[in-house]
Structures are given as structure tokens and as C-alpha cells.
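Just run-v4.tsv here, TSV, C-alpha atoms:
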```tsv
chain	number	residue	atom	x	y	z
A	9	MET	CA	7.16	3.63	25.28
A	10	SER	CA	8.92	5.21	22.29
A	11	ALA	CA	7.40	7.98	20.18
A	12	TRP	CA	6.61	5.66	17.29
A	13	GLN	CA	4.97	3.11	19.58
A	14	THR	CA	2.84	5.85	21.08
A	15	THR	CA	1.75	6.99	17.61
A	16	VAL	CA	0.86	3.43	16.58
A	17	GLN	CA	-1.12	2.94	19.77
A	18	HIS	CA	-3.07	6.14	19.06
A	19	VAL	CA	-3.74	4.92	15.51
A	20	ARG	CA	-5.01	1.56	16.73
A	21	ASN	CA	-7.33	3.32	19.18
A	22	CYS	CA	-8.56	5.84	16.61
A	23	SER	CA	-12.34	6.18	16.16
A	24	LEU	CA	-12.28	9.46	14.25
A	25	CYS	CA	-14.67	8.40	11.50
A	26	GLU	CA	-16.41	5.51	13.27
A	27	PRO	CA	-19.92	6.95	12.78
A	28	LYS	CA	-19.37	6.72	9.01
A	29	LEU	CA	-18.05	3.14	9.00
A	30	PRO	CA	-20.53	0.29	8.44
A	31	LEU	CA	-18.75	-2.11	10.82
A	32	GLY	CA	-17.18	0.40	13.15
A	33	ALA	CA	-13.53	1.34	13.57
A	34	ARG	CA	-10.82	-1.32	13.46
A	35	PRO	CA	-7.60	0.27	12.14
A	36	VAL	CA	-5.36	-2.28	10.41
A	37	ILE	CA	-1.72	-1.32	9.87
A	38	GLN	CA	1.75	-2.84	10.13
A	39	PHE	CA	4.52	-0.53	11.29
A	40	HIS	CA	8.10	-0.44	12.54
A	41	PRO	CA	10.56	2.44	12.03
A	42	ARG	CA	13.22	0.09	10.64
A	43	ALA	CA	11.07	-0.78	7.61
A	44	LYS	CA	12.65	0.06	4.26
A	45	ILE	CA	9.59	-0.72	2.14
A	46	LEU	CA	6.18	0.93	2.46
A	47	ILE	CA	3.09	-0.75	1.02
A	48	ALA	CA	0.50	1.98	0.50
A	49	GLY	CA	-2.81	0.43	-0.48
A	50	GLN	CA	-6.41	1.56	-0.44
A	51	ALA	CA	-8.30	0.30	2.63
A	52	PRO	CA	-8.97	-3.05	4.31
A	53	GLY	CA	-11.59	-5.32	2.78
A	54	ILE	CA	-14.11	-7.12	4.92
A	55	ARG	CA	-11.88	-10.20	5.39
A	56	VAL	CA	-9.02	-8.05	6.61
A	57	HIS	CA	-11.39	-6.15	8.89
A	58	ARG	CA	-12.41	-9.44	10.49
A	59	SER	CA	-8.89	-10.84	10.88
A	60	GLY	CA	-7.11	-7.59	11.71
A	61	LYS	CA	-4.23	-8.68	9.47
A	62	PRO	CA	-3.35	-6.62	6.37
A	63	PHE	CA	-3.68	-8.32	2.98
A	64	ASP	CA	-5.00	-11.48	4.62
A	65	ASP	CA	-7.01	-12.32	1.50
A	66	PRO	CA	-6.58	-13.31	-2.18
A	67	SER	CA	-5.20	-9.84	-2.94
A	68	GLY	CA	-2.43	-10.52	-0.45
A	69	GLU	CA	-1.59	-13.85	-2.03
A	70	ARG	CA	-1.12	-12.19	-5.40
A	71	LEU	CA	0.79	-9.26	-3.91
A	72	ARG	CA	3.25	-11.57	-2.16
A	73	ALA	CA	3.78	-13.39	-5.47
A	74	TRP	CA	4.45	-10.07	-7.16
A	75	LEU	CA	6.99	-9.16	-4.48
A	76	GLY	CA	8.63	-12.58	-4.43
A	77	VAL	CA	8.30	-12.96	-0.65
A	78	ASP	CA	6.64	-15.47	1.66
A	79	LYS	CA	4.20	-14.76	4.47
A	80	PRO	CA	6.74	-14.65	7.34
A	81	ASP	CA	8.81	-12.00	5.55
A	82	PHE	CA	5.75	-10.08	4.37
A	83	TYR	CA	4.42	-9.85	7.91
A	84	ASP	CA	7.79	-8.79	9.34
A	85	ALA	CA	7.14	-5.15	10.23
A	86	ARG	CA	10.88	-4.47	10.25
A	87	GLN	CA	10.89	-5.19	6.52
A	88	PHE	CA	7.48	-3.99	5.34
A	89	ALA	CA	5.39	-1.13	6.68
A	90	ILE	CA	1.77	-1.48	5.52
A	91	LEU	CA	-0.18	1.78	5.68
A	92	PRO	CA	-3.30	1.90	3.51
A	93	MET	CA	-4.85	5.25	2.70
A	94	GLY	CA	-7.70	4.36	5.02
A	95	PHE	CA	-6.98	2.13	8.01
A	96	CYS	CA	-10.56	0.88	8.48
A	97	TYR	CA	-13.01	-1.02	6.30
A	98	PRO	CA	-15.10	1.67	4.52
A	99	GLY	CA	-17.89	-0.55	3.22
A	100	THR	CA	-19.00	-1.00	-0.38
A	101	THR	CA	-20.80	0.82	-3.15
A	102	ASN	CA	-22.69	-0.49	-6.17
A	103	SER	CA	-19.43	-0.64	-8.09
A	104	GLY	CA	-17.26	-2.31	-5.44
A	105	ASP	CA	-15.30	-1.19	-2.39
A	106	ALA	CA	-16.02	2.29	-1.09
A	107	PRO	CA	-13.17	4.82	-1.17
A	108	PRO	CA	-10.98	5.08	1.92
A	109	ARG	CA	-12.19	7.65	4.42
A	110	PRO	CA	-10.18	10.87	3.84
A	111	GLU	CA	-10.01	11.70	7.56
A	112	CYS	CA	-7.51	8.91	8.07
A	113	ALA	CA	-4.73	10.23	5.84
A	114	ASP	CA	-5.34	13.77	7.05
A	115	ALA	CA	-4.94	12.74	10.69
A	116	TRP	CA	-2.17	10.17	10.62
A	117	ARG	CA	-0.26	9.71	7.37
A	118	GLU	CA	2.40	12.38	7.66
A	119	GLN	CA	3.00	11.55	11.33
A	120	LEU	CA	3.69	7.92	10.48
A	121	LEU	CA	5.81	8.61	7.40
A	122	GLU	CA	8.01	10.95	9.43
A	123	GLN	CA	8.85	7.94	11.62
A	124	LEU	CA	10.14	5.82	8.72
A	125	PRO	CA	13.70	7.19	8.45
A	126	HIS	CA	15.04	4.15	6.56
A	127	LEU	CA	12.37	4.10	3.88
A	128	GLN	CA	13.76	3.33	0.43
A	129	LEU	CA	10.77	2.25	-1.63
A	130	THR	CA	7.05	3.08	-1.58
A	131	LEU	CA	4.61	0.84	-3.44
A	132	ALA	CA	1.63	3.06	-4.33
A	133	ILE	CA	-1.15	0.55	-4.96
A	134	GLY	CA	-4.25	1.90	-6.65
A	135	GLN	CA	-5.46	5.37	-7.51
A	136	TYR	CA	-5.91	6.77	-4.00
A	137	ALA	CA	-2.38	5.93	-2.88
A	138	GLN	CA	-0.97	7.19	-6.16
A	139	GLN	CA	-2.79	10.50	-5.92
A	140	TRP	CA	-1.57	11.10	-2.37
A	141	HIS	CA	2.03	9.98	-2.83
A	142	ALA	CA	2.39	11.87	-6.12
A	143	GLN	CA	2.70	14.94	-3.90
A	144	GLN	CA	6.18	13.66	-3.02
A	145	LEU	CA	7.27	13.64	-6.66
A	146	THR	CA	9.08	16.50	-8.37
A	147	GLY	CA	8.97	17.19	-12.10
A	148	ILE	CA	6.27	14.58	-12.82
A	149	LYS	CA	2.73	15.51	-13.75
A	150	LEU	CA	0.17	13.15	-12.29
A	151	GLN	CA	-1.26	11.16	-15.18
A	152	ARG	CA	-5.03	10.96	-15.45
A	153	THR	CA	-5.48	7.19	-15.30
A	154	LEU	CA	-3.94	4.41	-13.27
A	155	THR	CA	-2.80	2.70	-16.47
A	156	GLU	CA	-0.90	5.81	-17.55
A	157	ARG	CA	0.75	6.08	-14.14
A	158	VAL	CA	1.85	2.46	-14.09
A	159	LYS	CA	3.19	2.79	-17.64
A	160	ASN	CA	5.27	5.73	-16.40
A	161	TRP	CA	6.68	3.60	-13.56
A	162	GLN	CA	10.33	4.29	-14.41
A	163	ALA	CA	9.99	8.03	-13.80
A	164	TRP	CA	8.23	7.39	-10.49
A	165	LEU	CA	10.78	4.79	-9.43
A	166	GLU	CA	13.62	7.28	-9.88
A	167	GLN	CA	12.06	9.08	-6.90
A	168	GLY	CA	11.52	5.98	-4.80
A	169	ILE	CA	7.86	5.30	-5.59
A	170	LEU	CA	6.49	2.49	-7.73
A	171	PRO	CA	2.84	2.79	-8.89
A	172	LEU	CA	1.01	-0.53	-9.08
A	173	PRO	CA	-2.50	-1.72	-9.87
A	174	HIS	CA	-4.38	-3.34	-7.03
A	175	PRO	CA	-3.70	-7.09	-6.84
A	176	SER	CA	-7.39	-7.84	-6.31
A	177	PRO	CA	-8.96	-10.62	-8.42
A	178	ARG	CA	-11.31	-7.88	-9.61
A	179	ASN	CA	-8.38	-6.57	-11.65
A	180	ASN	CA	-7.91	-9.78	-13.63
A	181	ARG	CA	-9.31	-8.09	-16.73
A	182	TRP	CA	-6.87	-5.17	-16.40
A	183	LEU	CA	-3.94	-7.58	-16.01
A	184	ALA	CA	-5.05	-9.56	-19.07
A	185	LYS	CA	-5.32	-6.37	-21.14
A	186	ASN	CA	-1.91	-5.10	-20.03
A	187	PRO	CA	0.59	-7.97	-20.35
A	188	TRP	CA	3.47	-5.48	-20.34
A	189	PHE	CA	2.90	-5.12	-16.58
A	190	GLU	CA	3.88	-8.72	-15.92
A	191	ASP	CA	6.67	-8.63	-18.51
A	192	GLU	CA	8.27	-5.30	-17.60
A	193	VAL	CA	7.17	-4.09	-14.18
A	194	LEU	CA	7.05	-7.25	-12.07
A	195	PRO	CA	10.69	-8.27	-12.71
A	196	GLU	CA	11.82	-4.79	-11.70
A	197	LEU	CA	9.54	-4.87	-8.65
A	198	LYS	CA	11.06	-8.15	-7.47
A	199	ALA	CA	14.57	-6.79	-8.06
A	200	GLN	CA	13.83	-3.63	-6.07
A	201	ILE	CA	12.34	-5.63	-3.20
A	202	ALA	CA	15.39	-7.91	-3.10
A	203	LEU	CA	17.68	-4.88	-3.15
A	204	CYS	CA	15.88	-3.17	-0.27
A	205	ARG	CA	15.92	-6.36	1.76
A	206	GLY	CA	19.63	-6.81	1.17
A	207	SER	CA	19.00	-10.04	-0.73
A	208	GLN	CA	20.66	-11.37	-3.83
A	209	LYS	CA	18.59	-11.92	-6.93
```
Would you mind giving the structure from this file in C-alpha cells?
Amino acid sequence: MSAWQTTVQHVRNCSLCEPKLPLGARPVIQFHPRAKILIAGQAPGIRVHRSGKPFDDPSGERLRAWLGVDKPDFYDARQFAILPMGFCYPGTTNSGDAPPRPECADAWREQLLEQLPHLQLTLAIGQYAQQWHAQQLTGIKLQRTLTERVKNWQAWLEQGILPLPHPSPRNNRWLAKNPWFEDEVLPELKAQIALCRGSQK
């Protein structure tokens, strides 16, 4: 077994924060060292926890539309690595999904990223992924709000990271209030995905 396969096996067997998880530990990731695109989201929702398949929900349908890819390509680990900030379902709060457990990124994230030597583009989806991956940026101050970060997408993209809102239906209001995202960011996102995949527009 290769080093990366051993790491992934350890991740899938991880129970580090199981006592704090409402449904127990079930890490959900997609990983292969040949991947050129990293999807860094928040944490699995309850549907993904049950299926064990990342973005196997309405958020995934919208995300695939944003990327301009179908399910077979999206679930090809040699194209897309999917590493949320928390690998297990964290439960909910009164205002929605609970934050990803911080133990997960502390234990595993750098180990996994070190084994993505061909990575060209990171999609930082939501505030938790943006806050963590902003550490990789130089010369850019982390903006206070998600909207400000996404508006500053060009500066982030110059360093290989694209900040995105979460594709959840809960963000329909944000998308309606910010039509520039669909007009300006999504075409560039599709172009970058096609470029990384070696496709023609």
C-alpha cells in the first residue's frame, strides 16, 4: 500500500472526535494524488453522512452545474479531490449546520495536501474553508465577510484559490442579492475547471 493510500485509510478509520458527533464518526472524503482540483467545503450534511458520498445532495447538484461537469467526472478522484474542513457530520444548531469539528483539519489537512503534488486550483467553499486556506495566500488580507472575499476572487485566483459561497439552497437569498457572482465568477470558474481538466471551452 502506498503512502497516500495508508493516509486515506487512517482518515477513513478516524474516530478522533466521535464522542462529540451526534451520529458518530463517518469520514467522507474523495482523494487521489493525481487530482488537480481540490474542493474544500465545510462538512458533510446528514444526507451525505448516510450515503458516504460527498455532495450527494441538492448542494452537489448546484455545485456540479457551477463547475460544468457531470456526476461521473465529479466523482473521479483523479480529477477532483474533495476534502471538507470537517470529514464527519457535525450536527446542527438553531441557525443551521454546526461548524466543522476543528480537530479534523488539525489532524489531517496538511498531511493530505502534501500528497496532492499536481494541485492547480483550490475551491474554498464557505467561510471555514476560506479562513483556513487564506493562510496559503501572500499579500492578501483576509476580508471580514464571505461576500467581500468572493468579490475579491481575482486576487485569490492569482494564487490558485477561488473563494465561493456554499451551493446550498439555503444560500438562494445570497445568490439573488449578488447577481454579479453568476455573471462574473461562474464563467471564470467553468473556464478554470476546463483548463485544469485539459478540456477545451
Show me the residues close to (-10.6, -9.2, -5.4) - anything with an atom within 10 Å, counting all atoms listed in the file - and format the list as a CSV table (one decimal) with C-alpha atoms, keeping the file's coordinate frame.
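Result went into selection.csv, see below:
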```csv
chain,number,residue,atom,x,y,z
A,53,GLY,CA,-11.6,-5.3,2.8
A,65,ASP,CA,-7.0,-12.3,1.5
A,66,PRO,CA,-6.6,-13.3,-2.2
A,67,SER,CA,-5.2,-9.8,-2.9
A,68,GLY,CA,-2.4,-10.5,-0.4
A,70,ARG,CA,-1.1,-12.2,-5.4
A,104,GLY,CA,-17.3,-2.3,-5.4
A,105,ASP,CA,-15.3,-1.2,-2.4
A,174,HIS,CA,-4.4,-3.3,-7.0
A,175,PRO,CA,-3.7,-7.1,-6.8
A,176,SER,CA,-7.4,-7.8,-6.3
A,177,PRO,CA,-9.0,-10.6,-8.4
A,178,ARG,CA,-11.3,-7.9,-9.6
A,179,ASN,CA,-8.4,-6.6,-11.6
A,180,ASN,CA,-7.9,-9.8,-13.6
```
Taking only C-alpha atoms into account, which of A:His57, A:His126, A:Lys185, A:Arg72 comes nearest Gly94 (chain A)?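 Of all the options, A:His57 lies closest to Gly94 (chain A).
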Nearby residues (only C-alpha atoms) at most 9 Å from region 110-125 of chain A, same-chain spacing under 4 positions excluded, as a PyMOL selection string: chain A and resi 11-12+15-16+19+24-25+39-44+46+89+91-96+140
Around all of region 37-49 of chain A's listed atoms, make the axis-aligned box with 6 Å on each side and tell me centre and edge lengths in Å to one decimal, as JSON.
```
{"center_x": 5.2, "center_y": -0.2, "center_z": 6.0, "size_x": 28.0, "size_y": 17.3, "size_z": 25.0}
```
Option closest in space to Asn21 (chain A), from A:Leu129, A:Val36, A:Ala199, A:Leu150 [counting all atoms listed in the file]: A:Val36
What does the structure give for the distance between CA of Gly206 (chain A) and CA of Asp81 (chain A), in Å to one decimal?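 Between these atoms lies a distance of 12.8 Å.
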Pick out the closest residue to Leu145 (chain A) from this set: A:Val77, A:Leu170, A:Leu127, A:Ile54. Count only C-alpha atoms.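 Smallest distance to Leu145 (chain A) is found for A:Leu170.
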Nearest to Asp64 (chain A): which of A:Leu29, A:Ile37, A:Ile201, A:Ala48 is it, counting all atoms listed in the file?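 When distances to Asp64 (chain A) are compared using all atoms listed in the file, the smallest one comes from A:Ile37.
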Gly32 (chain A): which residues within 9 Å, counting only C-alpha atoms, same-chain residues fewer than 4 positions away excluded, as number ranges by chain? A: 23, 25-28, 96-98
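Remark: for Arg86 (chain A), the closest of the candidate residues A:Ala202, A:Ile45, A:Ala142, A:Cys22 is A:Ile45 (distances computed over only C-alpha atoms).
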State, in Å with one decimal place, the distance from CA of Cys204 (chain A) to CA of Leu75 (chain A).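 So the answer is 11.5 Å.
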Nearest residue to Val158 (chain A) from the set A:Ile47, A:Ala85, A:Leu131, A:Ala33 (distances using only C-alpha atoms): A:Leu131
In Å, how far is it from CA of Lys149 (chain A) to CA of Pro108 (chain A)? 23.3 Å
